[in-house]
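The next block is start.txt, given as compact mmCIF, C-alpha atoms.
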# COMPACT_ATOMS: atom_id res chain seq x y z
CA MET A 1 -63.25 -110.23 21.99
CA LEU A 2 -61.29 -108.25 19.38
CA TRP A 3 -59.69 -111.41 18.00
CA HIS A 4 -63.06 -113.13 17.82
CA LYS A 5 -64.64 -110.16 16.04
CA ALA A 6 -61.80 -110.02 13.48
CA TRP A 7 -62.15 -113.75 12.87
CA ILE A 8 -65.93 -113.55 12.44
CA GLU A 9 -65.51 -110.77 9.85
CA THR A 10 -63.00 -112.70 7.74
CA ARG A 11 -63.68 -116.38 8.36
CA TRP A 12 -65.67 -117.08 5.19
CA ARG A 13 -63.02 -115.47 2.98
CA PHE A 14 -60.43 -117.60 4.75
CA TRP A 15 -62.33 -120.90 4.47
CA ILE A 16 -63.20 -120.34 0.82
CA GLY A 17 -59.60 -119.43 0.03
CA LEU A 18 -58.26 -122.50 1.86
CA ALA A 19 -60.69 -124.81 0.08
CA LEU A 20 -59.87 -123.41 -3.38
CA LEU A 21 -56.12 -123.49 -2.79
CA MET A 22 -56.20 -127.09 -1.57
CA LEU A 23 -58.35 -128.16 -4.52
CA SER A 24 -55.92 -126.45 -6.88
CA ALA A 25 -52.94 -128.14 -5.21
CA ALA A 26 -54.60 -131.55 -5.42
CA SER A 27 -55.51 -131.11 -9.09
CA THR A 28 -51.95 -129.99 -9.89
CA VAL A 29 -50.47 -133.13 -8.34
CA LEU A 30 -53.06 -135.64 -9.53
CA GLY A 31 -53.09 -134.21 -13.04
CA TYR A 32 -49.35 -134.76 -13.59
CA PRO A 33 -49.57 -138.39 -14.86
CA HIS A 34 -52.20 -137.38 -17.40
CA LEU A 35 -50.02 -134.49 -18.55
CA LEU A 36 -47.06 -136.84 -19.07
CA LYS A 37 -49.20 -138.98 -21.34
CA LEU A 38 -49.99 -135.96 -23.48
CA LEU A 39 -46.39 -134.76 -23.86
CA PRO A 40 -45.48 -137.17 -26.71
CA MET A 41 -48.44 -135.82 -28.66
CA VAL A 42 -47.08 -132.24 -28.58
CA PRO A 43 -45.65 -131.41 -32.02
CA ASP A 44 -42.01 -130.41 -32.25
CA ALA A 45 -42.69 -126.90 -33.48
CA GLU A 46 -39.58 -124.94 -34.33
CA LEU A 47 -40.51 -121.60 -32.85
CA SER A 48 -37.91 -118.88 -32.90
CA GLY A 49 -37.40 -115.86 -30.70
CA GLU A 50 -38.59 -115.33 -27.14
CA LEU A 51 -41.84 -117.25 -27.69
CA GLY A 52 -39.95 -120.32 -28.84
CA ARG A 53 -37.64 -120.14 -25.85
CA GLN A 54 -40.57 -119.94 -23.43
CA VAL A 55 -42.35 -122.89 -25.07
CA ARG A 56 -39.23 -125.05 -24.94
CA GLU A 57 -38.54 -124.12 -21.34
CA ALA A 58 -42.13 -124.90 -20.34
CA LEU A 59 -41.90 -128.34 -21.93
CA GLU A 60 -38.59 -129.08 -20.21
CA LEU A 61 -39.96 -128.02 -16.83
CA THR A 62 -42.96 -130.29 -17.29
CA ARG A 63 -40.81 -133.40 -17.80
CA ASP A 64 -39.34 -133.16 -14.28
CA TYR A 65 -41.78 -133.43 -11.36
CA ARG A 66 -40.09 -130.93 -9.05
CA SER A 67 -39.80 -128.42 -11.90
CA TYR A 68 -43.41 -129.04 -12.87
CA ILE A 69 -44.64 -128.34 -9.32
CA TRP A 70 -42.65 -125.14 -9.13
CA SER A 71 -43.65 -123.79 -12.55
CA GLN A 72 -47.32 -124.76 -12.44
CA TRP A 73 -48.11 -124.46 -8.74
CA PHE A 74 -45.79 -122.13 -6.84
CA LEU A 75 -45.03 -119.78 -9.74
CA LYS A 76 -48.50 -119.66 -11.28
CA ASN A 77 -51.58 -121.23 -9.69
CA MET A 78 -50.78 -120.78 -6.02
CA SER A 79 -49.20 -117.34 -6.29
CA GLN A 80 -52.07 -115.95 -8.35
CA LEU A 81 -54.89 -117.46 -6.31
CA TRP A 82 -53.21 -116.68 -3.00
CA LEU A 83 -52.77 -113.02 -3.97
CA LEU A 84 -56.47 -112.70 -4.74
CA PHE A 85 -57.35 -113.80 -1.22
CA ALA A 86 -54.54 -111.78 0.35
CA ALA A 87 -56.09 -108.67 -1.17
CA LEU A 88 -59.57 -109.80 -0.15
CA LEU A 89 -58.57 -110.45 3.46
CA GLY A 90 -56.95 -107.01 3.60
CA THR A 91 -60.14 -105.22 2.59
CA GLY A 92 -63.22 -104.57 4.69
CA GLY A 93 -61.43 -102.85 7.54
CA LEU A 94 -62.75 -100.62 10.31
CA ILE A 95 -64.48 -98.11 8.02
CA SER A 96 -66.02 -100.53 5.54
CA HIS A 97 -69.73 -100.21 4.76
CA SER A 98 -69.89 -104.01 4.88
CA SER A 99 -69.53 -103.89 8.65
CA GLY A 100 -72.81 -101.98 8.95
CA GLY A 101 -73.04 -100.35 12.37
CA GLY A 102 -70.10 -102.38 13.61
CA THR A 103 -67.64 -99.55 13.00
CA LEU A 104 -69.06 -97.22 15.64
CA PHE A 105 -69.49 -100.11 18.07
CA THR A 106 -65.87 -101.22 17.60
CA LEU A 107 -64.50 -97.70 17.98
CA SER A 108 -66.54 -97.22 21.16
CA LEU A 109 -64.77 -100.10 22.89
CA PRO A 110 -62.33 -99.11 25.68
CA VAL A 111 -59.23 -99.94 23.62
CA SER A 112 -56.92 -97.81 21.53
CA ARG A 113 -57.24 -97.59 17.77
CA HIS A 114 -53.70 -98.91 17.46
CA ARG A 115 -54.77 -102.08 19.25
CA LEU A 116 -57.87 -102.40 17.06
CA VAL A 117 -55.78 -102.13 13.92
CA GLY A 118 -53.09 -104.43 15.30
CA THR A 119 -55.60 -107.15 16.10
CA ARG A 120 -57.22 -106.92 12.69
CA VAL A 121 -53.84 -107.05 10.92
CA ALA A 122 -52.53 -109.91 13.05
CA THR A 123 -55.66 -111.95 12.38
CA GLY A 124 -55.38 -111.41 8.63
CA LEU A 125 -51.68 -112.28 8.56
CA ALA A 126 -52.29 -115.44 10.61
CA GLU A 127 -54.96 -116.51 8.13
CA LEU A 128 -52.64 -115.79 5.20
CA PHE A 129 -49.85 -117.80 6.85
CA VAL A 130 -52.17 -120.81 7.00
CA LEU A 131 -53.26 -120.21 3.38
CA ALA A 132 -49.59 -120.23 2.33
CA LEU A 133 -48.37 -123.26 4.28
CA VAL A 134 -51.24 -125.77 4.35
CA PRO A 135 -51.79 -125.98 0.55
CA ALA A 136 -48.01 -126.01 0.02
CA LEU A 137 -47.60 -128.96 2.43
CA LEU A 138 -50.37 -130.81 0.62
CA ILE A 139 -47.96 -131.25 -2.30
CA PRO A 140 -45.52 -133.62 -0.48
CA VAL A 141 -48.48 -135.39 1.15
CA LEU A 142 -50.18 -136.22 -2.17
CA SER A 143 -47.09 -136.78 -4.33
CA PRO A 144 -46.49 -140.42 -3.29
CA SER A 145 -49.98 -141.29 -4.52
CA ILE A 146 -48.76 -140.76 -8.12
CA GLY A 147 -45.36 -142.36 -7.59
CA HIS A 148 -43.35 -139.18 -7.05
CA GLY A 149 -41.82 -137.41 -4.10
CA TYR A 150 -41.55 -133.78 -3.12
CA GLY A 151 -39.51 -132.45 -0.22
CA VAL A 152 -41.30 -130.99 2.79
CA GLY A 153 -38.45 -128.51 3.17
CA ASP A 154 -38.95 -127.22 -0.38
CA ALA A 155 -42.69 -126.85 0.23
CA LEU A 156 -42.08 -124.91 3.45
CA ILE A 157 -39.55 -122.59 1.81
CA HIS A 158 -41.84 -121.77 -1.10
CA GLY A 159 -44.82 -121.30 1.23
CA VAL A 160 -42.92 -118.92 3.51
CA CYS A 161 -41.62 -116.91 0.54
CA ILE A 162 -45.14 -116.56 -0.83
CA PHE A 163 -46.36 -115.40 2.58
CA ILE A 164 -43.62 -112.82 3.22
CA ALA A 165 -43.51 -111.32 -0.26
CA GLY A 166 -47.26 -111.57 -0.87
CA SER A 167 -48.08 -109.84 2.41
CA VAL A 168 -47.29 -106.59 0.61
CA PHE A 169 -50.60 -106.95 -1.22
CA PHE A 170 -52.48 -107.59 2.01
CA SER A 171 -50.89 -104.50 3.54
CA LEU A 172 -51.71 -102.34 0.52
CA ALA A 173 -55.33 -103.53 0.51
CA PHE A 174 -55.57 -102.74 4.21
CA LEU A 175 -54.16 -99.25 3.66
CA LEU A 176 -56.61 -98.57 0.82
CA SER A 177 -59.43 -99.75 3.08
CA THR A 178 -58.63 -96.83 5.37
CA VAL A 179 -59.18 -94.50 2.41
CA PHE A 180 -62.19 -96.09 0.69
CA SER A 181 -65.28 -97.20 2.61
CA ASP A 182 -66.21 -100.05 0.26
CA VAL A 183 -64.61 -103.46 -0.19
CA TRP A 184 -64.22 -103.69 -3.95
CA ARG A 185 -62.24 -100.56 -4.86
CA PRO A 186 -59.23 -101.51 -2.69
CA TRP A 187 -59.42 -105.09 -3.97
CA LEU A 188 -59.57 -104.05 -7.62
CA ILE A 189 -56.67 -101.61 -7.25
CA VAL A 190 -54.49 -104.28 -5.68
CA VAL A 191 -55.45 -106.89 -8.29
CA CYS A 192 -54.64 -104.44 -11.11
CA LEU A 193 -51.23 -103.84 -9.53
CA ALA A 194 -50.65 -107.61 -9.36
CA VAL A 195 -51.54 -107.94 -13.06
CA ALA A 196 -49.18 -105.08 -13.95
CA LEU A 197 -46.31 -106.78 -12.10
CA GLY A 198 -47.08 -110.00 -13.96
CA LEU A 199 -46.93 -108.17 -17.28
CA PHE A 200 -43.54 -106.76 -16.27
CA ASP A 201 -42.23 -110.32 -16.00
CA GLN A 202 -43.55 -111.08 -19.47
CA VAL A 203 -41.95 -107.99 -21.01
CA PHE A 204 -38.62 -108.45 -19.21
CA PRO A 205 -38.24 -112.24 -18.78
CA GLY A 206 -34.55 -111.91 -18.01
CA LEU A 207 -35.37 -110.10 -14.78
CA SER A 208 -38.19 -112.40 -13.70
CA ARG A 209 -36.21 -114.24 -11.05
CA TYR A 210 -35.44 -110.92 -9.32
CA SER A 211 -38.94 -109.48 -9.72
CA PHE A 212 -41.75 -109.51 -7.18
CA TYR A 213 -43.15 -112.82 -8.46
CA GLY A 214 -39.63 -114.19 -8.62
CA VAL A 215 -39.26 -113.51 -4.89
CA MET A 216 -42.71 -114.94 -4.14
CA SER A 217 -41.95 -118.18 -6.00
CA ALA A 218 -38.34 -118.31 -4.75
CA GLU A 219 -37.10 -118.79 -8.31
CA VAL A 220 -33.46 -118.25 -7.35
CA TYR A 221 -33.77 -121.03 -4.75
CA PHE A 222 -35.48 -123.34 -7.23
CA ARG A 223 -32.69 -122.84 -9.77
CA GLY A 224 -30.02 -123.84 -7.27
CA GLY A 225 -29.22 -120.54 -5.59
CA GLY A 226 -29.93 -119.42 -2.07
CA LEU A 227 -33.01 -117.83 -0.65
CA PRO A 228 -33.95 -114.39 -2.02
CA TRP A 229 -33.06 -112.69 1.25
CA LEU A 230 -32.85 -109.18 -0.17
CA GLY A 231 -36.27 -109.46 -1.80
CA LEU A 232 -37.81 -110.97 1.33
CA LEU A 233 -36.37 -108.27 3.58
CA ALA A 234 -37.50 -105.55 1.19
CA SER A 235 -41.02 -107.04 1.05
CA ALA A 236 -41.21 -107.23 4.84
CA ALA A 237 -40.02 -103.64 5.16
CA VAL A 238 -42.59 -102.40 2.64
CA SER A 239 -45.37 -104.29 4.43
CA VAL A 240 -44.43 -102.78 7.79
CA ALA A 241 -44.26 -99.26 6.32
CA VAL A 242 -47.63 -99.61 4.56
CA LEU A 243 -49.33 -101.05 7.66
CA ASN A 244 -47.88 -98.23 9.74
CA ALA A 245 -49.39 -95.72 7.30
CA ALA A 246 -52.76 -97.47 7.63
CA THR A 247 -52.53 -97.27 11.43
CA VAL A 248 -51.79 -93.55 11.25
CA ASN A 249 -54.77 -93.03 8.92
CA ILE A 250 -57.12 -94.76 11.33
CA ALA A 251 -55.70 -92.96 14.36
CA ARG A 252 -56.12 -89.52 12.77
CA ARG A 253 -59.52 -90.12 11.19
CA ASP A 254 -62.55 -88.39 12.72
CA PHE A 255 -65.45 -90.86 12.63
Can I see the file as structure tokens?
Amino acid sequence: MLWHKAWIETRWRFWIGLALLMLSAASTVLGYPHLLKLLPMVPDAELSGELGRQVREALELTRDYRSYIWSQWFLKNMSQLWLLFAALLGTGGLISHSSGGGTLFTLSLPVSRHRLVGTRVATGLAELFVLALVPALLIPVLSPSIGHGYGVGDALIHGVCIFIAGSVFFSLAFLLSTVFSDVWRPWLIVVCLAVALGLFDQVFPGLSRYSFYGVMSAEVYFRGGGLPWLGLLASAAVSVAVLNAATVNIARRDF
């Protein structure tokens, strides 16, 4: 019953997120041949400084299909869109006004608050796992249709990294939902934090591969290194700590 209730509360966010992510993945793949046709029309502008370096790097990444998928999909489109829904799935917890009278009904059930929170968190993480893997696996499925190939292993690695690192935002949104009784304040706070981390990468591009988004997109792996184990372990540890704080908040709260 608890699993079903958690699913009913979040299913539309999940289905909308899955549909948008899959549409974005399909457009990224199917739009590549058209982008290649436009590349010769790009003027050879001699830009100096950091801006020039970024423009040249972007053009070079676009000419190789695997690099294009990483830079346009895993680094940008998927990471950004996935984070929006990770934050959205984390909001609307046990004390949300959006649940109407469901809060008192749920808390009156003969189960502990720890189990209530655990079920809600597990449901959200399961949904996020699907949102990370299914759109990622759509890339190798669609790639042959445009005459290119993309490894299933690469897609799985990038999807898992997005899930583990990005779960920090789900956990933070869930914690804030134990403080605020509305849906939008926790979501906006988490989105603002995501934007701030993105700006950090722009200000310090040399550290981008070791930043939060660098771990999410597995930039070190893409550039020929190993998996970002330290970043993944740190993200998992932060998620566990934040979710534990949310559980304590719910357990101590007097409804």
Nearest residue to Pro33 of chain A from the set A:Gly17, A:Gly226, A:Gly147, A:Gly231 (distances using all atoms listed in the file):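 Answer, going by the shortest atom-to-atom distance: A:Gly147.
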To one decimal place in Å, what is the distance between atom CA of Leu188 of chain A and atom CA of Ile69 of chain A?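 Separation of atom CA of Leu188 of chain A and atom CA of Ile69 of chain A: 28.6 Å.
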Using only C-alpha atoms, collect all residues at a distance of at most 12 Å from (-37.0, -117.6, -8.2) as written in the file, then present them as a PyMOL selection string. chain A and resi 67+70-71+74-75+157-158+161-162+201+205-229+231-232
From A:Leu59, A:Ala165, A:Leu23, A:Leu137, residue lying nearest Ser79 of chain A [all atoms listed in the file]: A:Ala165
Quick check, in Å to one decimal: how far apart do atom CA of Phe14 of chain A and atom CA of Leu133 of chain A lie?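 For atom CA of Phe14 of chain A relative to atom CA of Leu133 of chain A, the distance reads 13.3 Å.
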Minimum-distance residue to Trp73 of chain A, chosen among A:Ala136, A:Ser167, A:Ser145, A:Phe129 (using only C-alpha atoms):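 When distances to Trp73 of chain A are compared using only C-alpha atoms, the smallest one comes from A:Ala136.
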With distances taken over only C-alpha atoms, the candidate from A:Thr62, A:Thr10, A:Ser181, A:Ser171 nearest Ala246 of chain A is A:Ser171
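Here atom CA of Trp187 of chain A is placed at a distance of 5.6 Å from atom CA of Ala87 of chain A.
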